[in-house]
$ cat protein.cif   # mmCIF, C-alpha atoms and all ligand atoms
data_work
loop_
_atom_site.group_PDB
_atom_site.id
_atom_site.type_symbol
_atom_site.label_atom_id
_atom_site.label_comp_id
_atom_site.auth_asym_id
_atom_site.auth_seq_id
_atom_site.Cartn_x
_atom_site.Cartn_y
_atom_site.Cartn_z
ATOM 1 C CA MET A 6 70.950 -89.983 34.751
ATOM 2 C CA ARG A 7 70.160 -86.949 32.632
ATOM 3 C CA SER A 8 66.761 -86.493 31.045
ATOM 4 C CA ILE A 9 65.114 -84.588 28.205
ATOM 5 C CA LEU A 10 61.391 -84.084 27.694
ATOM 6 C CA VAL A 11 60.040 -83.110 24.277
ATOM 7 C CA ALA A 12 56.680 -81.379 24.587
ATOM 8 C CA ASN A 13 54.197 -79.293 22.611
ATOM 9 C CA PRO A 14 50.391 -79.244 22.834
ATOM 10 C CA LYS A 15 49.935 -79.685 19.075
ATOM 11 C CA GLY A 16 49.974 -83.020 17.306
ATOM 12 C CA GLY A 17 52.331 -83.071 14.351
ATOM 13 C CA SER A 18 54.646 -80.371 15.718
ATOM 14 C CA GLY A 19 57.711 -82.614 15.565
ATOM 15 C CA LYS A 20 57.951 -84.062 19.084
ATOM 16 C CA THR A 21 58.507 -87.667 18.087
ATOM 17 C CA THR A 22 60.941 -86.643 15.356
ATOM 18 C CA LEU A 23 63.004 -84.710 17.893
ATOM 19 C CA ALA A 24 62.782 -87.366 20.614
ATOM 20 C CA THR A 25 63.870 -90.194 18.314
ATOM 21 C CA HIS A 26 66.720 -88.080 16.962
ATOM 22 C CA LEU A 27 67.913 -87.075 20.413
ATOM 23 C CA ALA A 28 67.931 -90.748 21.400
ATOM 24 C CA GLY A 29 69.708 -91.658 18.166
ATOM 25 C CA TYR A 30 72.357 -89.000 18.697
ATOM 26 C CA LEU A 31 73.104 -89.978 22.302
ATOM 27 C CA ALA A 32 73.241 -93.667 21.380
ATOM 28 C CA SER A 33 75.642 -92.848 18.526
ATOM 29 C CA LEU A 34 77.997 -91.425 21.175
ATOM 30 C CA GLY A 35 77.904 -94.739 23.006
ATOM 31 C CA ARG A 36 75.639 -93.535 25.802
ATOM 32 C CA GLN A 37 73.066 -95.822 27.408
ATOM 33 C CA VAL A 38 69.786 -94.284 26.367
ATOM 34 C CA VAL A 39 66.211 -95.059 27.344
ATOM 35 C CA LEU A 40 63.424 -93.755 25.124
ATOM 36 C CA ALA A 41 60.185 -93.321 27.069
ATOM 37 C CA ASP A 42 56.991 -92.869 25.074
ATOM 38 C CA LEU A 43 54.131 -91.259 27.017
ATOM 39 C CA ASP A 44 51.920 -91.052 23.930
ATOM 40 C CA ARG A 45 49.137 -93.616 23.530
ATOM 41 C CA GLN A 46 49.845 -93.589 19.810
ATOM 42 C CA GLN A 47 53.270 -95.085 20.650
ATOM 43 C CA SER A 48 54.987 -93.577 17.604
ATOM 44 C CA ALA A 49 58.390 -93.400 19.281
ATOM 45 C CA ALA A 50 58.010 -96.957 20.611
ATOM 46 C CA GLY A 51 57.081 -98.099 17.083
ATOM 47 C CA TRP A 52 60.156 -96.350 15.663
ATOM 48 C CA LEU A 53 62.269 -98.206 18.196
ATOM 49 C CA LYS A 54 60.764 -101.534 17.109
ATOM 50 C CA ARG A 55 61.688 -100.755 13.500
ATOM 51 C CA ARG A 56 65.246 -99.832 14.470
ATOM 52 C CA PRO A 57 67.765 -102.108 12.733
ATOM 53 C CA ALA A 58 69.624 -104.328 15.193
ATOM 54 C CA HIS A 59 73.097 -103.346 13.979
ATOM 55 C CA LEU A 60 72.644 -99.697 15.001
ATOM 56 C CA PRO A 61 73.615 -98.354 18.451
ATOM 57 C CA THR A 62 71.131 -99.684 20.979
ATOM 58 C CA ILE A 63 68.346 -97.540 22.387
ATOM 59 C CA HIS A 64 66.406 -99.144 25.220
ATOM 60 C CA SER A 65 62.645 -98.918 25.352
ATOM 61 C CA HIS A 66 61.311 -97.712 28.684
ATOM 62 C CA GLN A 67 58.713 -100.483 28.768
ATOM 63 C CA ALA A 68 61.166 -103.303 28.167
ATOM 64 C CA ARG A 69 64.145 -101.987 30.098
ATOM 65 C CA LYS A 70 65.926 -104.361 32.424
ATOM 66 C CA PRO A 71 65.798 -103.324 36.082
ATOM 67 C CA THR A 72 69.603 -103.535 36.194
ATOM 68 C CA LEU A 73 70.055 -101.025 33.379
ATOM 69 C CA GLN A 74 71.664 -97.784 34.533
ATOM 70 C CA PRO A 75 71.009 -95.383 31.685
ATOM 71 C CA ASP A 76 73.031 -92.220 31.108
ATOM 72 C CA TRP A 77 70.047 -90.537 29.487
ATOM 73 C CA MET A 78 66.290 -90.759 29.343
ATOM 74 C CA VAL A 79 64.539 -89.116 26.390
ATOM 75 C CA ILE A 80 60.803 -88.643 26.943
ATOM 76 C CA ASP A 81 58.401 -88.251 24.026
ATOM 77 C CA SER A 82 55.041 -86.842 25.043
ATOM 78 C CA PRO A 83 51.520 -86.735 23.616
ATOM 79 C CA ALA A 84 49.700 -83.737 22.194
ATOM 80 C CA GLY A 85 47.675 -81.896 24.802
ATOM 81 C CA LEU A 86 49.854 -82.859 27.765
ATOM 82 C CA HIS A 87 48.640 -80.691 30.651
ATOM 83 C CA GLY A 88 47.822 -80.556 34.340
ATOM 84 C CA ASP A 89 49.348 -83.095 36.707
ATOM 85 C CA LYS A 90 50.767 -85.190 33.883
ATOM 86 C CA LEU A 91 52.646 -82.198 32.495
ATOM 87 C CA SER A 92 53.951 -81.300 35.959
ATOM 88 C CA ALA A 93 55.114 -84.861 36.547
ATOM 89 C CA ALA A 94 56.879 -85.022 33.169
ATOM 90 C CA VAL A 95 58.601 -81.654 33.671
ATOM 91 C CA LYS A 96 59.691 -82.684 37.144
ATOM 92 C CA LEU A 97 61.415 -85.732 35.645
ATOM 93 C CA ALA A 98 63.274 -83.683 33.052
ATOM 94 C CA GLU A 99 66.387 -81.615 33.377
ATOM 95 C CA LEU A 100 65.881 -80.292 29.840
ATOM 96 C CA VAL A 101 62.616 -79.511 28.072
ATOM 97 C CA ILE A 102 62.557 -79.035 24.306
ATOM 98 C CA VAL A 103 59.561 -77.388 22.648
ATOM 99 C CA PRO A 104 59.311 -77.645 18.862
ATOM 100 C CA VAL A 105 57.180 -75.104 17.056
ATOM 101 C CA GLN A 106 56.171 -74.930 13.416
ATOM 102 C CA PRO A 107 55.667 -71.767 11.406
ATOM 103 C CA SER A 108 51.873 -71.706 11.419
ATOM 104 C CA ALA A 109 49.432 -69.436 13.217
ATOM 105 C CA PHE A 110 47.653 -72.373 14.857
ATOM 106 C CA ASP A 111 50.891 -73.836 16.147
ATOM 107 C CA MET A 112 52.195 -70.515 17.434
ATOM 108 C CA LEU A 113 48.948 -69.718 19.256
ATOM 109 C CA ALA A 114 48.786 -73.130 20.907
ATOM 110 C CA THR A 115 52.479 -72.964 21.763
ATOM 111 C CA GLY A 116 52.107 -69.480 23.273
ATOM 112 C CA ASP A 117 49.384 -70.776 25.592
ATOM 113 C CA PHE A 118 51.501 -73.812 26.465
ATOM 114 C CA LEU A 119 54.559 -71.693 27.301
ATOM 115 C CA ARG A 120 52.502 -69.591 29.702
ATOM 116 C CA VAL A 121 51.584 -72.778 31.561
ATOM 117 C CA LEU A 122 55.092 -74.205 31.327
ATOM 118 C CA ARG A 123 56.774 -71.177 32.867
ATOM 119 C CA GLU A 124 54.574 -71.539 35.953
ATOM 120 C CA GLU A 125 55.736 -75.112 36.540
ATOM 121 C CA LYS A 126 57.634 -75.224 39.803
ATOM 122 C CA ALA A 127 60.633 -77.065 38.323
ATOM 123 C CA ILE A 128 60.986 -74.322 35.714
ATOM 124 C CA ARG A 129 60.401 -71.406 38.079
ATOM 125 C CA LYS A 130 63.065 -72.842 40.365
ATOM 126 C CA GLU A 131 65.340 -73.381 37.346
ATOM 127 C CA ARG A 132 65.693 -77.082 38.010
ATOM 128 C CA SER A 133 64.508 -77.678 34.433
ATOM 129 C CA GLN A 134 65.686 -75.634 31.470
ATOM 130 C CA VAL A 135 63.477 -74.979 28.466
ATOM 131 C CA ALA A 136 64.548 -74.348 24.870
ATOM 132 C CA MET A 137 62.654 -73.842 21.621
ATOM 133 C CA ILE A 138 63.272 -75.343 18.186
ATOM 134 C CA GLY A 139 61.749 -74.045 14.952
ATOM 135 C CA MET A 140 60.523 -77.086 13.056
ATOM 136 C CA ARG A 141 59.992 -77.495 9.288
ATOM 137 C CA VAL A 142 61.185 -73.998 8.555
ATOM 138 C CA ASP A 143 61.970 -72.677 5.098
ATOM 139 C CA PRO A 144 63.849 -69.422 5.772
ATOM 140 C CA ARG A 145 62.708 -67.920 2.459
ATOM 141 C CA THR A 146 59.060 -67.865 3.482
ATOM 142 C CA ARG A 147 56.965 -65.218 5.127
ATOM 143 C CA SER A 148 55.794 -67.714 7.725
ATOM 144 C CA ALA A 149 59.432 -68.268 8.751
ATOM 145 C CA ALA A 150 59.719 -64.522 9.438
ATOM 146 C CA GLU A 151 56.486 -64.681 11.451
ATOM 147 C CA LEU A 152 57.837 -67.587 13.456
ATOM 148 C CA ALA A 153 61.072 -65.680 14.151
ATOM 149 C CA GLU A 154 59.020 -62.731 15.357
ATOM 150 C CA PHE A 155 56.915 -64.962 17.585
ATOM 151 C CA LEU A 156 60.047 -66.525 19.062
ATOM 152 C CA LEU A 157 61.602 -63.111 19.755
ATOM 153 C CA ALA A 158 58.903 -62.562 22.353
ATOM 154 C CA VAL A 159 59.492 -65.957 23.987
ATOM 155 C CA GLU A 160 61.669 -65.858 27.090
ATOM 156 C CA PHE A 161 63.245 -69.256 26.409
ATOM 157 C CA PRO A 162 66.242 -69.567 24.058
ATOM 158 C CA VAL A 163 65.746 -70.648 20.453
ATOM 159 C CA LEU A 164 68.353 -73.250 19.648
ATOM 160 C CA THR A 165 67.928 -73.747 15.912
ATOM 161 C CA TYR A 166 65.612 -74.018 12.956
ATOM 162 C CA LEU A 167 65.314 -77.395 11.270
ATOM 163 C CA ARG A 168 64.250 -77.491 7.662
ATOM 164 C CA ASP A 169 61.421 -79.451 6.156
ATOM 165 C CA ALA A 170 63.129 -82.479 4.658
ATOM 166 C CA GLN A 171 61.941 -85.843 3.388
ATOM 167 C CA LEU A 172 64.928 -87.368 5.132
ATOM 168 C CA TYR A 173 63.094 -86.960 8.469
ATOM 169 C CA VAL A 174 60.117 -88.853 7.099
ATOM 170 C CA GLN A 175 62.375 -91.642 5.819
ATOM 171 C CA CYS A 176 64.184 -91.816 9.154
ATOM 172 C CA ALA A 177 60.828 -92.202 10.896
ATOM 173 C CA ASN A 178 59.850 -95.035 8.586
ATOM 174 C CA GLN A 179 63.114 -96.890 8.988
ATOM 175 C CA GLY A 180 63.727 -96.594 12.718
ATOM 176 C CA VAL A 181 66.875 -94.565 12.195
ATOM 177 C CA SER A 182 68.051 -91.018 12.890
ATOM 178 C CA LEU A 183 70.220 -88.634 10.894
ATOM 179 C CA PHE A 184 73.054 -89.685 13.183
ATOM 180 C CA ASP A 185 72.891 -93.254 11.899
ATOM 181 C CA LEU A 186 73.268 -92.231 8.250
ATOM 182 C CA PRO A 187 76.430 -91.691 6.232
ATOM 183 C CA PRO A 188 77.514 -88.018 6.293
ATOM 184 C CA SER A 189 76.992 -87.827 2.538
ATOM 185 C CA ARG A 190 73.235 -88.165 3.122
ATOM 186 C CA ALA A 191 72.790 -86.319 6.370
ATOM 187 C CA ALA A 192 75.474 -83.602 6.601
ATOM 188 C CA ARG A 193 73.225 -80.690 5.667
ATOM 189 C CA ASP A 194 70.637 -81.583 8.292
ATOM 190 C CA VAL A 195 73.127 -82.630 10.962
ATOM 191 C CA GLU A 196 74.646 -79.155 10.657
ATOM 192 C CA GLN A 197 71.312 -77.623 11.663
ATOM 193 C CA TRP A 198 71.372 -79.850 14.757
ATOM 194 C CA GLN A 199 74.716 -78.536 16.045
ATOM 195 C CA PRO A 200 73.258 -75.922 18.447
ATOM 196 C CA ILE A 201 71.009 -78.605 19.966
ATOM 197 C CA LEU A 202 73.919 -80.989 20.407
ATOM 198 C CA GLU A 203 75.968 -78.249 22.076
ATOM 199 C CA TRP A 204 73.081 -77.356 24.370
ATOM 200 C CA LEU A 205 72.971 -80.945 25.601
ATOM 201 C CA SER A 206 76.642 -80.534 26.595
ATOM 202 C CA VAL A 207 77.429 -84.207 26.551
ATOM 203 C CA SER A 208 81.054 -84.547 27.563
HETATM 204 N N1 LIG B 301 61.661 -81.278 9.789
HETATM 205 C C1 LIG B 301 60.777 -82.099 9.207
HETATM 206 N N2 LIG B 301 60.759 -82.253 7.850
HETATM 207 C C2 LIG B 301 59.857 -83.064 7.269
HETATM 208 N N3 LIG B 301 58.942 -83.782 7.921
HETATM 209 C C3 LIG B 301 58.909 -83.675 9.258
HETATM 210 C C4 LIG B 301 59.806 -82.836 9.971
HETATM 211 N N4 LIG B 301 59.537 -82.942 11.297
HETATM 212 C C5 LIG B 301 58.513 -83.800 11.396
HETATM 213 N N5 LIG B 301 58.130 -84.253 10.183
HETATM 214 C C6 LIG B 301 57.040 -85.194 9.876
HETATM 215 O O1 LIG B 301 55.838 -84.616 10.340
HETATM 216 C C7 LIG B 301 54.995 -85.603 10.920
HETATM 217 C C8 LIG B 301 54.680 -85.195 12.361
HETATM 218 O O2 LIG B 301 55.883 -85.169 13.126
HETATM 219 P P1 LIG B 301 55.962 -85.873 14.545
HETATM 220 O O3 LIG B 301 57.383 -85.817 14.970
HETATM 221 O O4 LIG B 301 55.300 -87.204 14.503
HETATM 222 O O5 LIG B 301 55.090 -84.856 15.413
HETATM 223 P P2 LIG B 301 54.402 -85.060 16.872
HETATM 224 O O6 LIG B 301 55.137 -86.158 17.569
HETATM 225 O O7 LIG B 301 54.550 -83.737 17.548
HETATM 226 O O8 LIG B 301 52.970 -85.406 16.616
HETATM 227 C C9 LIG B 301 55.748 -86.915 10.817
HETATM 228 O O9 LIG B 301 55.278 -87.586 9.675
HETATM 229 C C10 LIG B 301 57.185 -86.496 10.638
HETATM 230 O O10 LIG B 301 57.925 -87.450 9.889
HETATM 231 MG MG MG B 302 54.409 -87.873 18.455
#
$ encode --input "protein.cif" --output "structure tokens" --more "lines below"
Ligand SMILES: Nc1ncnc2c1ncn2[C@@H]1O[C@H](COP(=O)(O)OP(=O)(O)O)[C@@H](O)[C@H]1O
Ligand SMILES: [Mg+2]
Amino acid sequence: MRSILVANPKGGSGKTTLATHLAGYLASLGRQVVLADLDRQQSAAGWLKRRPAHLPTIHSHQARKPTLQPDWMVIDSPAGLHGDKLSAAVKLAELVIVPVQPSAFDMLATGDFLRVLREEKAIRKERSQVAMIGMRVDPRTRSAAELAEFLLAVEFPVLTYLRDAQLYVQCANQGVSLFDLPPSRAARDVEQWQPILEWLSVS
């Protein structure tokens, strides 16, 4: 089983959006996917409950059958994940995705988090790979340039920038992902996801 952890110390940075989309994408490829929600707010678990039954199945971690042999586990995490809980989550994950928004508060908190993350044994030993994603980025803005500058100094690769789009909010409300929508609605945003999908290297 392969596993992805989505983590960032800030609430509202886009963790649950990314985790639900990663699960939606992998399920759309016919993979057996478990979505694990470590957040007490249970936003990802709630999204899963709202997911229409006709869409590709994503299994909840809580309700999974013991016989299920998933291909992937996607782990959504709470704001402020640190210490032993962070170490345990990183140890579980082959891939760690860190979203970051173009705001000074988010960049500062993320910078501190990355300093902790790089000292995690699994990351030092390169058993887990980390990548960054710019979230809710409008490339025409000054804050987008500031985010790009911040990310230049980060040792982990930056996969892509995702724009701020109401479609993400609607997906959250409806228990769907971009990958469940007709291309006519989602093509522009799916295109921004391509580097992430390649990074997963799902054969
Ligand atoms: N790219 C985006 N465009 C528009 N809204 C977004 C985007 N990413 C996240 N959001 C919205 O921002 C809010 C916070 O995102 P969420 O994924 O819940 O963050 P976290 O899990 O880190 O707290 C949610 O309402 C979500 O729908
Ligand atoms: Mg969340």
$ residues_near_point --input "protein.cif" --point "(67.1, -92.7, 27.2)" --cutoff "8 Å" --atoms "all atoms listed in the file" --output "MDAnalysis selection string"
chainID A and resid 8 28 37:41 63:66 75:80
$ residues_near_ligand --input "protein.cif" --ligand "ligand MG 302 (chain B)" --cutoff "7 Å" --atoms "only C-alpha atoms and all ligand atoms" --output "PyMOL selection string"
chain A and resi 16-17+19-21+44+48-49+81-83
$ atom_distance --input "protein.cif" --atom1 "atom CA of A:Pro200" --atom2 "atom CA of A:Glu160"
17.6 Å
$ residues_near_ligand --input "protein.cif" --ligand "ligand LIG 301 (chain B)" --cutoff "8 Å" --atoms "only C-alpha atoms and all ligand atoms" --output "number ranges by chain"
A: 12-13, 15-24, 48, 81-84, 104, 140-142, 167-178
$ resolve_selection --input "protein.cif" --expression "the PyMOL selection byres (((chain A and resi 198) around 12) and not hetatm)" --output "count of residues only"
29
